[in-house]
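S.K.: Take a look at the following structure, please.
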Amino acid sequence: MPTVEAFIAANRFGLGARQGSLSGLARDPQGWLLRQLGTADGALPHLRNLPQSQDVLAEFLRLRGDREARIRFRKERARPLYRREMAQRTIASIKTDTPFRERLVHFWGNHFTVSVSKSKLRPLVGAFEREAIRPHVMGKFATMLNAVTRHPAMLLYLDNNLSVGPNSRAGLRWDRGLNENFAREILELHTLGVGGGYGQADVIAFAKILTGWSVGNDRRGNPGAFTFFENRHEPGEKRLLGKKYHEAGVEEGNAVLRDLARAPATARFIATKLARHFVADDPPASAVDALERVYRSTDGDLGALARALVDLPEAWRDPLAKVKTPNELVLSAYRLLGPPDQPRRMLGPLRLLGQVPFSAPSPAGWPDRAEGWIGPESVLRRIELMGLLAKRRAGRIDPSGMADAAFGPVAAAETVTAVRRAESRREALALVLSSREFQRR
Amino acid sequence: MSTRRQFIFQAAGASLVTTAGLPGLALAAAPTDRRLLLVILRGGMDGLSALPPYGDPSYEDLRGNLGIARPNNADGALKLDGFFGLHPALEPLHRFYEREEFLPIHAVAIPQRTRSHFDAQDVLENGATRAHKTPDGWLNRALRTLQAGDNRLGLAVGYAVPPVLRGAVPVASWAPATLPPSAPALLDKLARLYDGDPVFSPALAEGRRAQEMTGKLLGNRTMKRGNLRSPGRFKALSSAAGRLLAAEDGARVGVIEMGGWDTHANQGAHEGRLARNLSILANGLAALPEQLGPVWRKTAVIVTTEFGRTVRMNGTRGTDHGTAGAAFLLGGAVAGGRVAARWPGLASEALFQNRDLAPTSDLRGLFKTVLRDHMGINPAILDREIFPDSAGATPPPGRLIRA
């Protein structure tokens, strides 16, 4: 007998119920969630045969000077690879048996946003998530932070490959200097958060510390992979957030990242974002406090935080507190109805709703509040899209059964009645997918 | 503290009661026939490139490779008042300057000193002295005064309503359609199912209202999908905004957004990344008179950005986040043909923290003046409600709106 808790486990924590799954979950929804954190990552079988970012990038870098070859690369290698990555990632999200874990991958990937708004990142974004985010989702925040900060996709996205210490050997020889972008976004978006207590001087100090953190190319360093260029590194002692960092090459950055991961402001920032994602747009202080305590007492153990989320009583109270983002809406529809016959059809709906994966407009990533997604225009768009899905799939299913499978335990009487009394199967399914019970989690 | 969502619910609840079951448009004429279009450039547009102050003795040295040459040089600035020039990529706006319908503004900034995009945009849009001080935007608060009855006087062009337009007053929004519209019967049923949902119910109601209105004005034009803030979309959005605002019984205040202005690397000078975006901006704006038709002479367009950029080039041939920047006023109602700026100069003592152009006018002063002189909003309400604690907000000098 499906329960409200089963619904919450499948939709709030998971990526949407599949047919028949709610009954199975009902016995032990929390256990179902916790087990996913310990077993193998259910998405991995669907992410095979995808290249490493280093290989792709090295291949591109070898085309130095050959404009024609580079254009061909973008057209024949980069774009098809991006489409393949997106398709496989979407299939993985639909088919995975560890959707809670998958949701966490998406959460952290959004926290550490990289975006194809910088088009040269197109062949790298999928690999970034597979290499720097996914393996660390149950580990320490500090480990993920370091992996992300040294990943070529992030270094290129936030321009650190161009940053050179003004007093470094390279800085004195060439006419190049410091770029603050990377340092600022790490402080503001990845660790301490906007009010986190850093100032302009800290941004500059951190930028200096991070000089040399770059990507090797065909002439220097490890092609397509993280390389620390000593000759670009700003010499001297730096002072950041009241602490002195002695000159120590790449170790300066490693030390700062460790310190940032441990900072109370970071604990608070991460706790707030997690609570916002899993409880409510304006999360109750009790939830944020609880998560913050876990962060601090476990030194930023993301697995412990995931378990703490399951333990939060606040997360189990209001089954429809959050509004699904376009990503969540489309994935949950596919999980319920099954994936589209043609893989190339998968991204279309996301494009129509304005949330193609890895295309966030800024390093802050996608918004996690209802008002970031729902307006007079976008709600019509959602309904039109769900109507199109309904048109394509209605022939083979039983809408009332679908409604039950998707949100039986929380369905309002009016919704059940409306679906039952619909004029056609198509309208019934459109109602199911557009109902507030399906649009929320 | 109320959340934005609660604001929308409270207001929408009230208006739905009075208009339930009534299709489409306003019952009473709108209280003003003036039009206001706010164009938000997200990312921090480099004002020193858009409006190069070549008359300043420090300009050339400080800007280095980012500098724009004086007028009458190849790829040089276009002449405005002899001190400030117009970036050559903004050439489509030059004839507006000659017709006195374009008022460039310089050395203007938000009241808070912050170099965070998110905080700065928040201040730009919330109309307060600091970020996160109010849950609603100043333009929504202004609509409270302008709004009479159920007219949807505010219009957001894009997927979600930008913070400047969020608040108690319901607004319309429009984005290009690429899917066939839903059957009215389906929408009726969903409206009943959404009843009571604080987010979906008002959004659907407003969406249907706007759809009727815009269907009449724009037909069923479709557009390719994607990020509506990307520069490539600007022309289509500004065209739509122009045509929608032209309607007699439609919106009076519109907001559109354009991104791509955060030029940290390889900004370029007379050509390059920034120049391309300026060109897109200028072409979009220059088409507005045609779309607005006779209403153009009653229109004011404010083009604004959250901050300017550093005076000196950074280490990656670009600029970092700065402080004061440029803004534009454009329109038949604008008192243009000069550059409005209290120029602090670019000498090192005059720079803000030795890196940025110092602000001498407050963007709130600009917004207040336009709302007062163009939209006829009472100054006391502007000071008390729409822009709290703004008594000290210096507007740009001189008359901004034609008498």
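The way I read the labels, and the way they are meant: chains A, B, ... in the order of the structure tokens, residue 1 as the first residue of every chain, and ligand 1 as the first ligand shown, with later ones counted on from there.
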Kindly provide, as an NGL selection string, the residues of chain A having any atom no farther than 6 Å from an atom of chain B, counting only C-alpha atoms.

M.R.: :A and (162 or 176-179 or 351-352 or 354 or 373 or 375-378 or 384)

S.K.: Ser214 in chain A: which residues within 9 Å, counting only C-alpha atoms, same-chain residues fewer than 5 positions away excluded, as a ChimeraX atom specification?

M.R.: /A:150-152,155-156,160-163,225-229

S.K.: For all heavy atoms, I'd like the residues from the last selection saved as a CSV table (one decimal), in the first residue's frame.

M.R.:
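What follows is the written file out.csv:
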chain,number,residue,atom,x,y,z
A,150,ARG,N,40.8,21.7,-9.8
A,150,ARG,CA,41.9,21.4,-10.7
A,150,ARG,C,41.4,20.7,-12.0
A,150,ARG,O,42.2,20.4,-12.8
A,150,ARG,CB,43.0,20.5,-10.0
A,150,ARG,CG,42.5,19.2,-9.4
A,150,ARG,CD,43.6,18.4,-8.9
A,150,ARG,NE,44.4,19.2,-7.9
A,150,ARG,CZ,45.7,19.0,-7.7
A,150,ARG,NH1,46.4,18.2,-8.4
A,150,ARG,NH2,46.3,19.8,-6.8
A,151,HIS,N,40.1,20.6,-12.1
A,151,HIS,CA,39.6,20.0,-13.4
A,151,HIS,C,39.7,21.0,-14.5
A,151,HIS,O,39.3,22.1,-14.4
A,151,HIS,CB,38.2,19.5,-13.2
A,151,HIS,CG,37.8,18.5,-14.3
A,151,HIS,ND1,37.4,18.9,-15.6
A,151,HIS,CD2,37.7,17.2,-14.3
A,151,HIS,CE1,37.2,17.9,-16.3
A,151,HIS,NE2,37.3,16.8,-15.6
A,152,PRO,N,40.3,20.6,-15.7
A,152,PRO,CA,40.4,21.5,-16.8
A,152,PRO,C,39.1,22.2,-17.2
A,152,PRO,O,39.2,23.4,-17.6
A,152,PRO,CB,40.9,20.5,-17.9
A,152,PRO,CG,41.6,19.5,-17.2
A,152,PRO,CD,40.9,19.2,-15.9
A,155,LEU,N,38.8,25.1,-14.8
A,155,LEU,CA,39.9,26.0,-15.0
A,155,LEU,C,39.6,26.9,-16.2
A,155,LEU,O,39.9,28.1,-16.2
A,155,LEU,CB,41.2,25.3,-15.1
A,155,LEU,CG,41.7,24.7,-13.8
A,155,LEU,CD1,42.8,23.6,-14.1
A,155,LEU,CD2,42.3,25.7,-12.8
A,156,LEU,N,39.1,26.2,-17.3
A,156,LEU,CA,38.9,26.9,-18.5
A,156,LEU,C,37.6,27.8,-18.4
A,156,LEU,O,37.5,28.9,-18.9
A,156,LEU,CB,38.7,26.0,-19.7
A,156,LEU,CG,40.0,25.2,-20.1
A,156,LEU,CD1,39.6,24.1,-21.1
A,156,LEU,CD2,41.0,26.1,-20.6
A,160,ASN,N,41.0,30.5,-15.4
A,160,ASN,CA,42.3,30.5,-14.7
A,160,ASN,C,43.5,30.1,-15.5
A,160,ASN,O,44.6,30.4,-15.2
A,160,ASN,CB,42.2,29.6,-13.4
A,160,ASN,CG,43.1,30.1,-12.3
A,160,ASN,OD1,43.0,31.3,-11.9
A,160,ASN,ND2,44.1,29.3,-11.9
A,161,ASN,N,43.2,29.5,-16.7
A,161,ASN,CA,44.3,29.2,-17.6
A,161,ASN,C,45.0,30.4,-18.1
A,161,ASN,O,46.1,30.3,-18.6
A,161,ASN,CB,43.7,28.3,-18.7
A,161,ASN,CG,42.7,29.1,-19.5
A,161,ASN,OD1,41.7,29.6,-18.9
A,161,ASN,ND2,42.8,29.1,-20.8
A,162,LEU,N,44.3,31.5,-18.0
A,162,LEU,CA,44.9,32.8,-18.5
A,162,LEU,C,45.5,33.6,-17.4
A,162,LEU,O,46.2,34.6,-17.7
A,162,LEU,CB,43.8,33.6,-19.2
A,162,LEU,CG,43.0,33.0,-20.3
A,162,LEU,CD1,41.9,33.8,-20.8
A,162,LEU,CD2,43.9,32.7,-21.5
A,163,SER,N,45.4,33.2,-16.2
A,163,SER,CA,45.8,34.0,-15.1
A,163,SER,C,47.3,33.8,-14.8
A,163,SER,O,47.8,32.7,-14.7
A,163,SER,CB,45.0,33.7,-13.8
A,163,SER,OG,45.4,34.6,-12.8
A,225,ALA,N,45.4,18.0,-19.3
A,225,ALA,CA,45.2,17.7,-17.9
A,225,ALA,C,45.7,18.8,-17.0
A,225,ALA,O,46.5,19.6,-17.4
A,225,ALA,CB,45.9,16.4,-17.5
A,226,PHE,N,45.4,18.7,-15.7
A,226,PHE,CA,45.8,19.7,-14.8
A,226,PHE,C,47.4,19.8,-14.8
A,226,PHE,O,48.0,18.7,-14.7
A,226,PHE,CB,45.4,19.4,-13.3
A,226,PHE,CG,45.9,20.4,-12.3
A,226,PHE,CD1,45.4,21.6,-12.2
A,226,PHE,CD2,47.0,20.0,-11.5
A,226,PHE,CE1,46.0,22.5,-11.2
A,226,PHE,CE2,47.6,20.9,-10.6
A,226,PHE,CZ,47.0,22.1,-10.4
A,227,THR,N,47.9,21.0,-14.9
A,227,THR,CA,49.3,21.2,-14.8
A,227,THR,C,49.6,22.4,-13.9
A,227,THR,O,48.9,23.4,-14.2
A,227,THR,CB,49.9,21.4,-16.2
A,227,THR,OG1,49.6,20.2,-17.0
A,227,THR,CG2,51.4,21.5,-16.1
A,228,PHE,N,50.5,22.3,-13.0
A,228,PHE,CA,50.9,23.5,-12.3
A,228,PHE,C,52.1,24.1,-12.9
A,228,PHE,O,53.2,23.5,-13.0
A,228,PHE,CB,51.2,23.2,-10.8
A,228,PHE,CG,51.7,24.3,-10.0
A,228,PHE,CD1,50.7,25.3,-9.6
A,228,PHE,CD2,53.0,24.5,-9.7
A,228,PHE,CE1,51.1,26.4,-8.9
A,228,PHE,CE2,53.4,25.6,-8.9
A,228,PHE,CZ,52.5,26.6,-8.6
A,229,PHE,N,51.9,25.4,-13.4
A,229,PHE,CA,53.0,26.0,-14.1
A,229,PHE,C,53.7,27.0,-13.1
A,229,PHE,O,53.3,28.1,-12.8
A,229,PHE,CB,52.5,26.9,-15.3
A,229,PHE,CG,52.0,26.0,-16.4
A,229,PHE,CD1,50.7,25.7,-16.6
A,229,PHE,CD2,52.9,25.5,-17.4
A,229,PHE,CE1,50.2,24.9,-17.7
A,229,PHE,CE2,52.5,24.8,-18.4
A,229,PHE,CZ,51.1,24.4,-18.6

S.K.: Ranking B:Leu351, B:Leu165, B:Ala324, B:Val295 by minimum distance to Gly47 in chain B and counting only C-alpha atoms, which one comes first?

M.R.: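 Among the listed residues, the smallest separation from Gly47 in chain B belongs to B:Ala324.
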
S.K.: Could you pull the residues within 7 Å of range 245-249 of chain A, counting only C-alpha atoms, minus those fewer than 5 positions along the same chain, as a list in words?

M.R.: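 In the requested format, the answer is Glu230, Pro235, Gly236, Glu237, Lys238 and Arg239 of chain A.
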
S.K.: Smallest atom-to-atom distance to Ala403 in chain A: which of A:Asn146, A:Ser424, A:Ser435, A:Asn254, using only C-alpha atoms?

M.R.: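 Closest residue, counting only C-alpha atoms: A:Ser435.
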
S.K.: In Å to one decimal, how far is CA of Arg74 in chain A from CA of Arg62 in chain A?

M.R.: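 Computed distance, CA of Arg62 in chain A to CA of Arg74 in chain A, equals 13.5 Å.
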
S.K.: What lies within 9 Å of range 379-393 of chain B using only C-alpha atoms, ignoring chain neighbours under 4 positions off, as a ChimeraX atom specification?

M.R.: /B:111,126-129,137-142,145,361-366,368-369,371-372

S.K.: With a distance cut-off of 12 Å and only C-alpha atoms, select the neighbouring residues of Phe100 in chain A, excluding the residue or stretch itself and same-chain residues fewer than 3 positions from it, and output the selection as a PyMOL selection string.

M.R.: chain A and resi 8-17+29-39+41-43+93-94+96-97+103-107+137-138+278+303+306-307+309-310

S.K.: Just list as JSON, numbers by chain whatever in range 54-111 of chain A DSSP marks as alpha helix (DSSP H).

M.R.: {"A": [54, 55, 56, 57, 58, 59, 60, 61, 67, 68, 69, 70, 71, 72, 73, 79, 80, 81, 82, 83, 84, 85, 86, 87, 88, 89, 90, 91, 92, 93, 94, 95, 99, 100, 101, 102, 103, 104, 105, 106, 107, 108, 109, 110, 111]}

S.K.: Could you pull out all residues of range 97-189 of chain B with a DSSP call of strand (DSSP E or B) and give them as JSON, numbers by chain?

M.R.: {"B": [102, 103, 104, 105, 106, 107, 108, 109, 154, 155, 156, 157, 172, 173, 174, 177]}

S.K.: Produce a file of the selected residues containing C-alpha atoms, as a PDB file, in the first residue's frame.

M.R.:
ATOM      1  CA  PHE B 102      19.234  59.434 -26.841  1.00  0.00           C
ATOM      2  CA  LEU B 103      20.686  60.514 -23.509  1.00  0.00           C
ATOM      3  CA  PRO B 104      23.907  58.681 -22.567  1.00  0.00           C
ATOM      4  CA  ILE B 105      24.649  58.769 -18.850  1.00  0.00           C
ATOM      5  CA  HIS B 106      28.023  58.163 -17.188  1.00  0.00           C
ATOM      6  CA  ALA B 107      29.599  57.622 -13.768  1.00  0.00           C
ATOM      7  CA  VAL B 108      26.426  56.179 -12.344  1.00  0.00           C
ATOM      8  CA  ALA B 109      26.190  53.243  -9.932  1.00  0.00           C
ATOM      9  CA  GLY B 154       3.854  45.108 -16.192  1.00  0.00           C
ATOM     10  CA  LEU B 155       5.296  42.750 -18.768  1.00  0.00           C
ATOM     11  CA  ALA B 156       8.308  40.464 -18.430  1.00  0.00           C
ATOM     12  CA  VAL B 157       9.677  39.237 -21.715  1.00  0.00           C
ATOM     13  CA  ALA B 172       2.233  39.413 -17.505  1.00  0.00           C
ATOM     14  CA  SER B 173       5.051  37.594 -19.133  1.00  0.00           C
ATOM     15  CA  TRP B 174       5.716  36.532 -22.672  1.00  0.00           C
ATOM     16  CA  ALA B 177       6.175  29.945 -28.526  1.00  0.00           C
TER      17      ALA B 177
END
